[in-house]
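A.B. asks: Sharing coords_9.cif (mmCIF, C-alpha atoms and all ligand atoms) below.
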```cif
data_coords
#
loop_
_atom_site.label_atom_id
_atom_site.label_comp_id
_atom_site.auth_asym_id
_atom_site.auth_seq_id
_atom_site.Cartn_x
_atom_site.Cartn_y
_atom_site.Cartn_z
CA MET K 1 0.00 0.00 0.00
CA THR K 2 1.40 3.40 -0.90
CA ALA K 3 1.11 6.42 1.35
CA SER K 4 -1.54 7.98 -0.90
CA GLU K 5 -3.75 4.89 -0.56
CA LYS K 6 -3.83 5.13 3.21
CA SER K 7 -6.91 6.72 4.57
CA GLY K 8 -7.53 9.32 7.21
CA ASN K 9 -5.14 10.87 9.66
CA GLY K 10 -3.00 7.80 10.27
CA ARG K 11 -2.56 4.42 8.67
CA GLY K 12 -6.18 3.29 8.55
CA ALA K 13 -7.83 1.01 11.09
CA GLU K 14 -5.48 -0.13 13.83
CA PRO K 15 -4.96 -3.90 14.26
CA PRO K 16 -6.91 -5.62 17.07
CA VAL K 17 -3.82 -5.77 19.28
CA VAL K 18 -4.01 -2.00 19.75
CA GLY K 19 -7.43 -2.36 21.36
CA GLU K 20 -6.05 -5.14 23.58
CA ILE K 21 -3.13 -2.92 24.63
CA CYS K 22 -5.57 -0.08 25.46
CA GLU K 23 -7.61 -2.49 27.62
CA VAL K 24 -4.54 -3.65 29.55
CA ILE K 25 -3.49 -0.03 30.09
CA ARG K 26 -6.95 0.97 31.32
CA ARG K 27 -7.19 -2.00 33.72
CA HIS K 28 -3.79 -1.65 35.38
CA GLN K 29 -2.11 0.97 37.52
CA GLU K 30 1.63 0.23 37.52
CA PHE K 31 3.79 0.33 34.41
CA LEU K 32 7.45 -0.07 33.56
CA ILE K 33 8.45 1.31 30.15
CA VAL K 34 11.64 -0.28 28.81
CA GLY K 35 13.89 1.29 26.17
CA HIS K 36 16.99 -0.19 24.56
CA GLY K 37 20.63 0.32 25.42
CA ARG K 38 22.50 3.31 23.93
CA PRO K 39 19.10 4.94 23.37
CA ASP K 40 18.66 7.13 20.30
CA GLY K 41 16.17 9.95 19.76
CA ASP K 42 13.34 7.61 18.79
CA CYS K 43 13.88 5.35 21.79
CA LEU K 44 13.97 8.19 24.33
CA GLY K 45 11.28 10.24 22.60
CA SER K 46 8.82 7.36 22.22
CA CYS K 47 9.40 6.00 25.74
CA LEU K 48 9.11 9.43 27.38
CA GLY K 49 6.12 10.29 25.18
CA LEU K 50 4.40 7.15 26.46
CA TYR K 51 5.54 8.06 29.98
CA ALA K 52 3.82 11.46 29.58
CA VAL K 53 0.60 9.87 28.30
CA LEU K 54 0.43 7.29 31.11
CA ARG K 55 1.18 9.92 33.77
CA GLN K 56 -1.59 12.06 32.37
CA MET K 57 -3.92 9.05 32.82
CA GLY K 58 -2.97 8.96 36.50
CA LYS K 59 -0.86 5.82 36.19
CA ASP K 60 2.14 4.95 38.33
CA VAL K 61 4.83 4.73 35.64
CA ARG K 62 8.60 4.26 35.49
CA PHE K 63 10.99 4.39 32.53
CA PHE K 64 14.10 2.21 32.34
CA THR K 65 16.94 2.15 29.81
CA PRO K 66 20.42 0.87 30.65
CA GLY K 67 21.76 4.02 28.94
CA PRO K 68 24.14 5.70 28.52
CA ILE K 69 22.13 8.78 27.60
CA GLN K 70 23.86 11.46 25.53
CA ASP K 71 23.94 14.95 27.04
CA PHE K 72 22.12 16.71 24.21
CA PHE K 73 18.90 14.84 25.05
CA SER K 74 18.64 16.74 28.34
CA PHE K 75 15.92 19.00 26.87
CA LEU K 76 13.47 16.07 26.75
CA PRO K 77 10.66 16.36 29.33
CA TYR K 78 10.85 13.75 32.14
CA LEU K 79 14.35 12.60 31.08
CA GLY K 80 15.54 13.26 34.63
CA GLU K 81 13.14 10.61 35.94
CA THR K 82 14.79 7.85 33.87
CA ILE K 83 16.02 4.76 35.75
CA THR K 84 19.32 3.34 34.45
CA GLU K 85 19.78 0.54 37.00
CA HIS K 86 17.87 -2.74 36.57
CA PRO K 87 14.52 -2.20 38.30
CA ALA K 88 12.77 -4.86 40.40
CA ILE K 89 9.37 -5.64 38.86
CA ARG K 90 6.44 -4.78 41.15
CA PRO K 91 3.66 -7.41 41.52
CA GLY K 92 1.14 -6.88 38.74
CA GLU K 93 3.28 -4.32 36.98
CA ILE K 94 2.83 -4.20 33.19
CA ILE K 95 6.10 -4.05 31.25
CA ILE K 96 6.01 -2.11 27.97
CA TYR K 97 9.01 -2.47 25.65
CA VAL K 98 9.20 0.35 23.08
CA ASP K 99 11.51 0.45 20.02
CA CYS K 100 13.22 -2.82 21.07
CA GLY K 101 13.61 -5.60 18.48
CA ASP K 102 14.40 -8.20 21.13
CA PHE K 103 15.38 -8.63 24.78
CA GLU K 104 19.07 -8.39 23.97
CA ARG K 105 18.67 -4.90 22.52
CA VAL K 106 18.17 -3.70 26.11
CA ASP K 107 21.12 -5.56 27.58
CA GLU K 108 22.16 -9.16 28.06
CA VAL K 109 20.97 -9.47 31.65
CA PHE K 110 17.57 -7.79 31.92
CA LYS K 111 14.85 -10.38 31.25
CA PRO K 112 11.92 -9.42 33.47
CA GLU K 113 9.15 -11.85 34.48
CA GLY K 114 5.70 -10.40 33.96
CA PHE K 115 3.14 -9.35 31.38
CA ILE K 116 5.02 -7.82 28.46
CA ILE K 117 3.70 -5.47 25.78
CA ASN K 118 6.03 -5.07 22.79
CA ILE K 119 5.55 -1.91 20.68
CA ASP K 120 8.03 -1.61 17.83
CA HIS K 121 8.66 -0.88 14.16
CA HIS K 122 11.79 -2.98 13.46
CA LEU K 123 11.68 -5.51 10.62
CA SER K 124 13.69 -7.92 12.76
CA ASN K 125 11.36 -7.83 15.81
CA ALA K 126 11.25 -11.19 17.62
CA PHE K 127 7.61 -10.90 18.87
CA PHE K 128 8.79 -11.59 22.42
CA GLY K 129 5.83 -10.00 24.23
CA ASN K 130 2.48 -11.27 25.49
CA LEU K 131 1.02 -8.58 23.22
CA ASN K 132 3.04 -7.56 20.17
CA TRP K 133 2.30 -4.45 18.11
CA VAL K 134 4.96 -4.41 15.41
CA ASP K 135 4.26 -2.06 12.51
CA THR K 136 7.23 -1.85 10.15
CA GLU K 137 5.48 0.85 8.09
CA ALA K 138 5.63 3.26 11.01
CA CYS K 139 8.46 5.74 10.52
CA ALA K 140 9.33 5.66 14.22
CA ALA K 141 8.23 4.09 17.49
CA GLY K 142 7.15 7.65 18.30
CA GLU K 143 4.49 7.43 15.57
CA LEU K 144 3.10 4.29 17.23
CA ILE K 145 2.91 6.02 20.62
CA TYR K 146 1.06 8.93 18.99
CA ARG K 147 -1.42 6.47 17.47
CA LEU K 148 -1.74 4.67 20.82
CA ALA K 149 -2.61 7.98 22.50
CA LEU K 150 -5.28 8.54 19.82
CA ALA K 151 -6.63 5.01 20.43
CA LEU K 152 -6.74 5.71 24.17
CA GLY K 153 -8.56 8.98 23.53
CA GLU K 154 -5.83 10.90 25.36
CA PRO K 155 -4.99 14.46 24.30
CA ILE K 156 -1.31 15.12 23.50
CA SER K 157 0.27 17.46 26.06
CA PRO K 158 3.05 19.86 24.97
CA GLU K 159 5.52 17.61 26.84
CA ALA K 160 4.34 14.47 25.02
CA ALA K 161 4.38 16.39 21.72
CA THR K 162 8.01 17.43 22.27
CA CYS K 163 9.03 13.83 23.02
CA LEU K 164 7.16 12.30 20.09
CA PHE K 165 8.27 14.94 17.57
CA THR K 166 11.88 14.29 18.66
CA ALA K 167 11.34 10.57 18.11
CA ILE K 168 10.00 11.01 14.58
CA MET K 169 12.52 13.67 13.61
CA ALA K 170 15.39 11.46 14.80
CA ASP K 171 14.34 8.21 13.10
CA THR K 172 13.58 9.93 9.78
CA GLY K 173 16.93 11.76 9.81
CA GLY K 174 15.07 15.08 9.90
CA PHE K 175 12.26 13.94 7.54
CA ARG K 176 14.71 12.76 4.85
CA PHE K 177 14.91 8.96 5.02
CA SER K 178 12.78 6.56 2.94
CA ASN K 179 10.53 5.84 5.96
CA THR K 180 9.25 9.43 5.65
CA ASP K 181 5.78 9.53 4.08
CA ARG K 182 2.51 11.42 4.20
CA VAL K 183 1.57 10.04 7.61
CA THR K 184 4.94 11.12 8.99
CA PHE K 185 4.15 14.74 8.09
CA GLU K 186 0.54 14.48 9.27
CA THR K 187 1.73 13.16 12.61
CA ALA K 188 4.44 15.79 12.84
CA ALA K 189 1.90 18.53 12.03
CA ALA K 190 -0.41 17.28 14.79
CA LEU K 191 2.51 17.27 17.25
CA VAL K 192 3.46 20.84 16.32
CA ALA K 193 -0.17 21.84 16.82
CA ALA K 194 0.05 20.19 20.26
CA GLY K 195 3.08 22.26 21.24
CA ALA K 196 6.27 20.76 19.75
CA ASN K 197 8.79 23.36 18.51
CA PRO K 198 10.54 21.92 15.41
CA ALA K 199 13.40 24.42 15.19
CA ALA K 200 14.24 24.19 18.90
CA ILE K 201 14.17 20.38 18.81
CA ALA K 202 16.25 20.24 15.60
CA GLU K 203 18.84 22.59 17.09
CA ALA K 204 19.03 20.54 20.29
CA VAL K 205 19.46 17.25 18.41
CA PHE K 206 21.41 18.18 15.26
CA GLU K 207 23.38 21.30 16.21
CA ASN K 208 25.00 20.19 19.42
CA ARG K 209 28.01 18.24 18.17
CA LYS K 210 30.93 18.07 20.52
CA PRO K 211 34.20 19.37 19.04
CA ARG K 212 35.89 16.03 19.74
CA ALA K 213 33.13 14.18 17.87
CA VAL K 214 33.76 16.50 14.91
CA TYR K 215 37.48 15.73 15.17
CA ILE K 216 36.74 12.00 15.03
CA THR K 217 34.49 12.61 12.02
CA GLY K 218 37.40 14.31 10.25
CA VAL K 219 39.73 11.38 10.90
CA ILE K 220 37.14 8.91 9.62
CA TYR K 221 36.46 10.91 6.44
CA GLN K 222 40.17 11.09 5.63
CA THR K 223 40.66 7.33 5.80
CA LEU K 224 37.56 5.85 4.13
CA LYS K 225 37.81 2.47 2.41
CA TYR K 226 35.85 1.98 -0.82
CA GLU K 227 35.00 -1.37 -2.40
CA PHE K 228 32.70 -2.60 -5.17
CA ASP K 229 33.51 0.43 -7.38
CA GLY K 230 32.56 2.84 -4.62
CA ARG K 231 29.22 1.23 -3.82
CA LEU K 232 30.46 0.11 -0.38
CA VAL K 233 32.24 2.50 1.93
CA TRP K 234 33.51 1.44 5.34
CA ASN K 235 35.74 2.53 8.13
CA GLU K 236 36.44 1.76 11.76
CA LEU K 237 36.60 3.65 15.03
CA ARG K 238 39.45 2.15 16.99
CA ARG K 239 40.22 3.03 20.60
CA ASP K 240 43.28 5.05 19.59
CA ILE K 241 41.09 7.53 17.66
CA TYR K 242 39.10 8.13 20.81
CA GLU K 243 42.22 8.60 22.83
CA LEU K 244 43.46 11.19 20.33
CA ALA K 245 40.11 12.96 20.56
CA GLY K 246 40.10 12.98 24.33
CA GLY K 247 38.08 9.85 24.97
CA ASP K 248 34.38 9.40 24.48
CA GLU K 249 32.44 6.19 24.39
CA TYR K 250 30.10 7.47 21.67
CA GLU K 251 30.71 7.41 17.99
CA PRO K 252 29.80 10.75 16.42
CA GLU K 253 26.02 10.91 16.10
CA GLY K 254 24.77 9.98 12.65
CA LEU K 255 28.23 9.35 11.22
CA CYS K 256 27.36 6.01 9.60
CA SER K 257 24.23 7.57 8.02
CA ASP K 258 26.30 10.51 6.74
CA LEU K 259 28.76 8.15 5.02
CA ARG K 260 25.84 6.74 3.04
CA GLY K 261 25.38 10.24 1.63
CA ILE K 262 28.53 10.00 -0.50
CA ALA K 263 27.78 9.95 -4.26
CA GLY K 264 27.80 6.41 -5.64
CA VAL K 265 27.71 4.75 -2.21
CA GLU K 266 24.88 2.25 -1.73
CA VAL K 267 25.97 0.78 1.60
CA SER K 268 28.00 2.30 4.42
CA VAL K 269 29.51 0.32 7.26
CA LEU K 270 31.13 1.66 10.41
CA PHE K 271 32.91 -0.64 12.85
CA HIS K 272 33.38 0.49 16.41
CA GLU K 273 35.80 -0.97 18.90
CA THR K 274 34.03 -0.90 22.28
CA PRO K 275 35.86 -0.11 25.54
CA ASP K 276 35.79 -3.88 26.28
CA GLY K 277 37.51 -4.63 22.98
CA TRP K 278 34.40 -6.06 21.29
CA CYS K 279 32.90 -4.95 17.98
CA ARG K 280 29.77 -2.97 17.16
CA VAL K 281 28.87 -2.47 13.53
CA GLY K 282 26.49 0.06 11.99
CA LEU K 283 25.02 -0.62 8.55
CA ARG K 284 23.22 1.87 6.30
CA SER K 285 21.77 1.47 2.82
CA LYS K 286 20.32 3.88 0.28
CA GLY K 287 17.51 1.36 -0.25
CA ARG K 288 18.45 -1.28 -2.81
CA VAL K 289 20.25 -3.51 -0.31
CA ASN K 290 18.40 -4.81 2.74
CA VAL K 291 20.89 -4.27 5.57
CA SER K 292 18.44 -5.63 8.15
CA ARG K 293 19.07 -9.10 6.67
CA LEU K 294 22.77 -8.44 6.69
CA ALA K 295 22.64 -7.38 10.34
CA GLN K 296 20.73 -10.55 11.22
CA MET K 297 23.51 -12.63 9.63
CA LEU K 298 25.85 -10.85 12.04
CA GLY K 299 23.61 -11.49 15.05
CA GLY K 300 21.91 -8.08 15.08
CA GLY K 301 18.88 -6.51 13.43
CA GLY K 302 17.12 -3.32 12.48
CA HIS K 303 15.48 -1.76 9.45
CA HIS K 304 15.83 -2.27 5.69
CA ASN K 305 17.94 0.91 5.41
CA ALA K 306 19.51 1.16 8.86
CA SER K 307 20.61 -1.66 11.13
CA GLY K 308 23.40 -2.84 13.35
CA ALA K 309 24.95 -5.69 15.29
CA TYR K 310 26.99 -6.15 18.42
CA ILE K 311 29.56 -8.89 18.02
CA LYS K 312 31.00 -10.00 21.32
CA GLN K 313 34.31 -11.27 20.02
CA PRO K 314 37.79 -9.76 20.03
CA TYR K 315 37.59 -6.73 17.75
CA ASP K 316 39.96 -7.70 14.90
CA GLN K 317 38.53 -11.18 14.55
CA ALA K 318 34.93 -9.86 14.65
CA ARG K 319 35.62 -7.14 12.05
CA ASP K 320 37.31 -9.60 9.67
CA ARG K 321 34.48 -12.10 10.01
CA ALA K 322 31.87 -9.36 9.50
CA LEU K 323 33.70 -8.02 6.43
CA ASP K 324 33.68 -11.51 4.92
CA VAL K 325 29.91 -11.78 5.46
CA ILE K 326 29.30 -8.25 4.13
CA ARG K 327 31.43 -8.76 1.01
CA ALA K 328 29.77 -12.07 0.18
CA TYR K 329 26.30 -10.60 0.67
CA LEU K 330 27.02 -7.49 -1.41
CA ALA K 331 28.68 -9.52 -4.17
CA GLU K 332 25.39 -11.39 -4.48
CA CYS K 333 23.25 -8.22 -4.24
CA PHE K 334 25.27 -6.24 -6.76
CA SER K 335 25.41 -9.11 -9.27
CA THR K 336 21.65 -8.91 -9.81
CA ALA K 337 20.28 -6.11 -11.98
CA SER K 338 16.92 -5.68 -10.26
CA PRO K 339 16.30 -4.36 -6.74
CA VAL K 340 17.26 -6.99 -4.20
CA ALA K 341 15.72 -7.81 -0.86
MN MN H 1 13.09 3.51 16.19
#
```
I need this file expressed as structure tokens, please.

C.D. replies:
Amino acid sequence: MTASEKSGNGRGAEPPVVGEICEVIRRHQEFLIVGHGRPDGDCLGSCLGLYAVLRQMGKDVRFFTPGPIQDFFSFLPYLGETITEHPAIRPGEIIIYVDCGDFERVDEVFKPEGFIINIDHHLSNAFFGNLNWVDTEACAAGELIYRLALALGEPISPEAATCLFTAIMADTGGFRFSNTDRVTFETAAALVAAGANPAAIAEAVFENRKPRAVYITGVIYQTLKYEFDGRLVWNELRRDIYELAGGDEYEPEGLCSDLRGIAGVEVSVLFHETPDGWCRVGLRSKGRVNVSRLAQMLGGGGHHNASGAYIKQPYDQARDRALDVIRAYLAECFSTASPVA
């Protein structure tokens, strides 16, 4: 279905599970919202947007992510109430995972016992909840929370609007990526009407780069590796680059997505050596190559155009193994003339 075929303000009738989720929310009092590790704008915005909606309903709600949370998100309402230590589940508490493809996306230890609602938009979602609302057409988890608020009949407060607009702006790369469609703009317009300030949010998220992150970006751009006639670009962030830059456990925000923006590049890959010496890999595609499948081959997951994996093996070995998998996959993709899945 194309965007123009979708009816109304949203994506048509919601699936039955949305009604079931609304019922569970109405019938219970205590909630734990769970976001993934190294939360991005969509994770924090959608979780805190839901936090705002549940609070407004008079619920007793907590929000947990293992973090770490980047400083520039400090403008988000309720961020200061975030729990970053594993919480004990209260009897009868409903656990709502948002923007998490599987348990491991949170961390390797946290596997709570209880009734679990899973709200997500990742292609690779494992349907691990008692109720699973996975809509891969949604541009962001934030869009799903907006639609959930509509289904609950809850008005959107200015605080919730700020959180949810941030979520959608972040996951669409500022309304640029291929997940951006008519509903994205309709939702964004409704959130602005409810009190979100687009320019202030964009400045907070996109114009707050730390000088040392910019330094790292410069080093990466000077040493790019091209393969497949420039259709693949990759590079790696080793610990020594961080040490030169003054040390920071984050890779520069959006760097892997920016590499995709080079003319002729179809897939960008950025390896990251973690402080423990393991390997994280970010994968981005302009659309022809499904990097969600590629990430799953590496033990991760994500979206068609944006995905990643965390390989808990010594860095050099993990990078070499991942490069083998990536090269074999791309050789197959690029050998076919038509769009490949
Ligand atoms: Mn997301």

A.B. asks: Hey, what's within 9 Å of Ala141 (chain K) if we count only C-alpha atoms and toss same-chain stuff fewer than 2 positions away? As a PyMOL selection string, please?

C.D. replies: chain K and resi 42-43+45-47+98-99+119-122+135+138-139+143-146+164+167-168+171

A.B. asks: Grab the CA of Glu30 (chain K) to CA of Phe110 (chain K) distance for me, in Å with one decimal place.

C.D. replies: 18.7 Å

A.B. asks: When distances are computed from all atoms listed in the file, which of K:Ala200, K:Ala140, K:Leu131, K:Cys163 shows the smallest separation from Phe177 (chain K)?

C.D. replies: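 Closest candidate: K:Ala140.
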
A.B. asks: Could you check which of K:Asn235, K:Ser335, K:Asn208, K:Asn118 is closest to Ile94 (chain K), using only C-alpha atoms?

C.D. replies: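 Checking each of K:Asn235, K:Ser335, K:Asn208, K:Asn118 against Ile94 (chain K), counting only C-alpha atoms, the winner is K:Asn118.
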
A.B. asks: What's the 9 Å shell around region 311-326 of chain K, counting all atoms listed in the file, without same-chain residues fewer than 2 positions away, as JSON, numbers by chain?

C.D. replies: {"K": [236, 271, 272, 273, 274, 276, 277, 278, 279, 280, 281, 294, 297, 298, 299, 300, 309, 328, 329, 330, 331]}

A.B. asks: I'd like the contact shell of Thr223 (chain K) - 10 Å cut-off, all atoms listed in the file, skipping same-chain residues fewer than 2 positions apart - returned as a list in words.

C.D. replies: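 Selected residues are Gly218, Val219, Ile220, Tyr221, Lys225, Tyr226, Trp234, Asn235 and Glu236 of chain K.
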
A.B. asks: How many Å lie between CA of Asp240 (chain K) and CA of Ile216 (chain K), rounded to one decimal?

C.D. replies: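 Taking CA of Asp240 (chain K) as the start and CA of Ile216 (chain K) as the end point, the length is 10.6 Å.
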
A.B. asks: So the first atom is CA of Asn197 (chain K) and the second is CA of Thr162 (chain K); what is the distance between them in Å, to one decimal place?

C.D. replies: 7.1 Å

A.B. asks: In terms of the shortest atom-to-atom distance over only C-alpha atoms and all ligand atoms, which of K:Leu44, K:Cys256, K:Ala126, K:Ala189 is closest to ligand MN 1 (chain H)?

C.D. replies: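 Once distances to ligand MN 1 (chain H) are computed over only C-alpha atoms and all ligand atoms, the minimum belongs to K:Leu44.
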
A.B. asks: Can you work out which one of K:Glu266, K:Tyr310, K:Arg288, K:Arg182 has the shortest atom-to-atom distance to Val106 (chain K), counting all atoms listed in the file?

C.D. replies: K:Tyr310

A.B. asks: So that all listed atoms of region 231-239 of chain K fit with 8 Å spare on each side, what axis-aligned box centre and edge lengths in Å, to one decimal, would you give as lines of an AutoDock Vina configuration file?

C.D. replies:
```
center_x = 34.7
center_y = 1.9
center_z = 8.4
size_x = 27.0
size_y = 19.5
size_z = 40.4
```

A.B. asks: Nearest to ligand MN 1 (chain H) among K:Met169, K:Ala245, K:Val17, K:Val24, with distances taken over only C-alpha atoms and all ligand atoms: which residue is it?

C.D. replies: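 The shortest atom-to-atom distance to ligand MN 1 (chain H) comes from K:Met169.
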
A.B. asks: Tell me which protein, DNA and RNA residues are within 10 Å of Ser178 (chain K), counting all atoms listed in the file, leaving out same-chain ones fewer than 4 positions away, and put them as a PyMOL selection string.

C.D. replies: chain K and resi 139+172-173+286-287+304-305

A.B. asks: Here is a test: counting only C-alpha atoms and all ligand atoms, which residue of K:Arg212, K:Arg55, K:Arg26, K:Arg105 is nearest to ligand MN 1 (chain H)?

C.D. replies: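 Among the listed residues, the smallest separation from ligand MN 1 (chain H) belongs to K:Arg105.
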
A.B. asks: Within 12 Å of Ile21 (chain K), counting all atoms listed in the file, which residues qualify if same-chain residues fewer than 5 places away don't, as a list in words?

C.D. replies: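 Residues near the query, excluding close chain neighbours: Glu14, Pro15, Pro16, Arg26, Arg27, His28, Ile94, Ile95, Ile96, Phe115, Ile116, Ile117, Asn118, Ile119, Gly129, Asn130, Leu131, Asn132, Trp133, Ile145, Arg147, Leu148, Ala149, Ala151 and Leu152 of chain K.
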